[in-house]
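Student: Sharing a structure with you now.
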Amino acid sequence: MEVDEEMEVDENVKKVMFVMRKAPHGSIYSYEGLETVLITAAYEQDMTMVFIGDGVFALVKGQDTTDIGIKGFIKTYGALEHYDVEKIYVDRVSMEERGLAADDFAIDVEVKEAEEIAAIMEEQHATIPY
Amino acid sequence: MKFAVQVLEAPYNNQASDTAYHFIKAALDKGHTIVRVFFYHNGVINANNSAEPPNDDRNIYKRWTELGKEKGIDIVACIAASKRRGIKEGQIVEGTRISGLGQLADMTIEADRLITFG
């Protein structure tokens, strides 16, 4: 019986991946996407964030949005570890194509190959693109 | 199968709302379940009840009323995204409701598949 109950608990924890595809400013996708990540974290799911394409710009440290008059949210990424969102991946090719390296980011990320990201994506219960 | 549907784009400007509607209709016809429809980003504009599209074209807003009221599907516009875009309680399309982002997390967990349009 105990084993059954444990299995039930496990079934309630789903793998959910958030795919961040857009630059932090220029559109609201990245910002509202991050809000979804924070809310979903409260549901204690097995969460992954992956940054691909222009999405990698969202994590670049030292962003200053003063001159565009838009509220910046780079600091919010620092809160992710407190929400137990620890699997944060960046696509290597997307990063390098944009002249970036892992130490350009405001938070610790794991740089992964597209094939690795695809394999992780395949394991997910749900993939949410923003 | 239990489907959850997320719509991220405003009606007419983008085909996402049309495709979502047709997907839902087809899924229901095949006997599948729609756990919830969630409007996020500009998708919340789908719940704007003051829109009056021309009569010679499809009425996307009424489609949501058809699905929400007649088919009993739970259709939710995100409250934070709605507030940003002037979509208010009491001024939303019949058959839809406004609620929090938790409704998105909730349906993602409950459904077998989450389908995003937009």
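As shown in the structure tokens, the chain order sets the letters A, B, ...; within each chain, residues go from 1, and ligands are also counted from 1 in the order they appear.
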Could you name the residues that touch Tyr83 (chain A) at 10 Å or less, counting only C-alpha atoms, but leaving out those on the same chain fewer than 2 positions away, as a PyMOL selection string?

Tutor: chain A and resi 37-42+44+78-81+85-86

Student: With DSSP run on the backbone, what are the helix (DSSP H, G or I) residues within region 19-82 of chain B? I'd like them as an MDAnalysis selection string.

Tutor: chainID B and resid 19:29 41:47 60:70 79:82

Student: Between chain A and chain B, at 9 Å or less, what are the per-residue closest atom pairs and their distances in Å? Count only C-alpha atoms, order by chain and rising residue number, and return it as JSON lines.

Tutor:
```
{"residue": "A:Asn12", "atom": "CA", "partner": "B:Ile109", "partner_atom": "CA", "distance": 7.5}
{"residue": "A:Val13", "atom": "CA", "partner": "B:Ile109", "partner_atom": "CA", "distance": 8.0}
{"residue": "A:Lys14", "atom": "CA", "partner": "B:Ile109", "partner_atom": "CA", "distance": 6.4}
{"residue": "A:Lys15", "atom": "CA", "partner": "B:Ile109", "partner_atom": "CA", "distance": 8.9}
{"residue": "A:Val16", "atom": "CA", "partner": "B:Thr108", "partner_atom": "CA", "distance": 8.2}
{"residue": "A:Ile28", "atom": "CA", "partner": "B:His41", "partner_atom": "CA", "distance": 7.4}
{"residue": "A:Tyr29", "atom": "CA", "partner": "B:His41", "partner_atom": "CA", "distance": 7.0}
{"residue": "A:Glu32", "atom": "CA", "partner": "B:His41", "partner_atom": "CA", "distance": 7.0}
{"residue": "A:Gly33", "atom": "CA", "partner": "B:His41", "partner_atom": "CA", "distance": 8.8}
{"residue": "A:Glu35", "atom": "CA", "partner": "B:Leu101", "partner_atom": "CA", "distance": 8.4}
{"residue": "A:Thr36", "atom": "CA", "partner": "B:Leu101", "partner_atom": "CA", "distance": 6.5}
{"residue": "A:Val37", "atom": "CA", "partner": "B:Ala105", "partner_atom": "CA", "distance": 8.9}
{"residue": "A:Ile39", "atom": "CA", "partner": "B:Gly102", "partner_atom": "CA", "distance": 6.3}
{"residue": "A:Thr40", "atom": "CA", "partner": "B:Ala105", "partner_atom": "CA", "distance": 5.2}
{"residue": "A:Ala41", "atom": "CA", "partner": "B:Ala105", "partner_atom": "CA", "distance": 8.7}
{"residue": "A:Ala42", "atom": "CA", "partner": "B:Gly102", "partner_atom": "CA", "distance": 8.7}
{"residue": "A:Tyr43", "atom": "CA", "partner": "B:Ala105", "partner_atom": "CA", "distance": 7.3}
{"residue": "A:Gln45", "atom": "CA", "partner": "B:Ile109", "partner_atom": "CA", "distance": 8.4}
{"residue": "A:His125", "atom": "CA", "partner": "B:Arg113", "partner_atom": "CA", "distance": 7.5}
{"residue": "A:Ala126", "atom": "CA", "partner": "B:Leu114", "partner_atom": "CA", "distance": 6.0}
{"residue": "A:Thr127", "atom": "CA", "partner": "B:Leu114", "partner_atom": "CA", "distance": 7.5}
{"residue": "A:Ile128", "atom": "CA", "partner": "B:Thr116", "partner_atom": "CA", "distance": 7.3}
{"residue": "A:Pro129", "atom": "CA", "partner": "B:Thr116", "partner_atom": "CA", "distance": 7.5}
{"residue": "A:Tyr130", "atom": "CA", "partner": "B:Leu8", "partner_atom": "CA", "distance": 8.8}
```

Student: If you run DSSP on the backbone, which residues of chain B are strand (DSSP E or B), as a PyMOL selection string?

Tutor: chain B and resi 2-7+33-39+48+75-78+92+97-99+113-117

Student: Would you save the residues of that selection, restricted to C-alpha atoms, as a short mmCIF file (atom, residue, chain, number, x, y, z; two decimals), in the first residue's frame?

Tutor:
```cif
data_model
loop_
_atom_site.label_atom_id
_atom_site.label_comp_id
_atom_site.auth_asym_id
_atom_site.auth_seq_id
_atom_site.Cartn_x
_atom_site.Cartn_y
_atom_site.Cartn_z
CA LYS B 2 -7.24 15.36 -22.03
CA PHE B 3 -6.03 18.50 -23.80
CA ALA B 4 -5.17 21.88 -22.29
CA VAL B 5 -5.08 24.80 -24.71
CA GLN B 6 -3.07 27.99 -24.37
CA VAL B 7 -3.73 30.97 -26.70
CA THR B 33 -11.70 16.34 -23.33
CA ILE B 34 -10.61 19.98 -23.11
CA VAL B 35 -9.40 20.57 -19.55
CA ARG B 36 -9.26 24.34 -19.99
CA VAL B 37 -8.48 27.11 -22.46
CA PHE B 38 -6.09 29.73 -21.10
CA PHE B 39 -5.56 33.17 -22.66
CA ASN B 48 -12.89 41.46 -24.70
CA ILE B 75 -12.09 29.41 -20.62
CA VAL B 76 -9.82 31.63 -18.55
CA ALA B 77 -8.07 34.93 -19.27
CA CYS B 78 -5.01 35.59 -17.10
CA ILE B 92 -15.60 39.95 -20.67
CA ARG B 97 -13.74 34.12 -16.83
CA ILE B 98 -10.72 35.94 -15.41
CA SER B 99 -8.38 34.14 -13.03
CA ARG B 113 -1.15 17.33 -23.63
CA LEU B 114 -0.73 21.09 -23.51
CA ILE B 115 -1.16 22.73 -26.91
CA THR B 116 0.00 26.34 -27.38
CA PHE B 117 -1.41 28.49 -30.18
#
```

Student: To one decimal place in Å, what is the distance between CA of Thr48 (chain A) and CA of Lys71 (chain A)?

Tutor: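 Between CA of Thr48 (chain A) and CA of Lys71 (chain A) the gap is 25.1 Å.
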
Student: Val90 (chain A): which residues within 8 Å, counting only C-alpha atoms, same-chain residues fewer than 4 positions away excluded, as a list in words?

Tutor: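 Result of the neighbour search: Val50, Phe51, Ile52, Val56, Ser94, Met95, Val109, Glu110, Val111 and Lys112 of chain A.
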
Student: With C-alpha atoms retained, export the selected residues as a short mmCIF file (atom, residue, chain, number, x, y, z; two decimals), in the first residue's frame.

Tutor:
```
data_model
loop_
_atom_site.label_atom_id
_atom_site.label_comp_id
_atom_site.auth_asym_id
_atom_site.auth_seq_id
_atom_site.Cartn_x
_atom_site.Cartn_y
_atom_site.Cartn_z
CA VAL A 50 15.83 26.48 -21.71
CA PHE A 51 16.96 29.60 -23.55
CA ILE A 52 17.24 29.33 -27.31
CA VAL A 56 19.56 33.88 -24.59
CA SER A 94 22.33 30.30 -30.04
CA MET A 95 24.73 31.73 -27.46
CA VAL A 109 23.44 28.25 -16.46
CA GLU A 110 24.41 24.99 -18.10
CA VAL A 111 25.35 25.33 -21.75
CA LYS A 112 24.01 22.43 -23.78
#
```

Student: Tell me, as a PyMOL selection string, which residues lie within 12 Å of region 52-54 of chain B, counting only C-alpha atoms; anything in the same chain fewer than 6 positions away does not count.

Tutor: chain B and resi 11-12+60-62+93

Student: Could you tell me how far CA of Pro24 (chain A) sits from CA of Gly55 (chain A), in Å to one decimal place?

Tutor: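 Separating CA of Gly55 (chain A) from CA of Pro24 (chain A) is a distance of 7.2 Å.
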
Student: Any idea what the distance is between CA of Gly86 (chain B) and CA of Thr65 (chain B)?

Tutor: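 Interatomic distance, CA of Gly86 (chain B) to CA of Thr65 (chain B): 19.6 Å.
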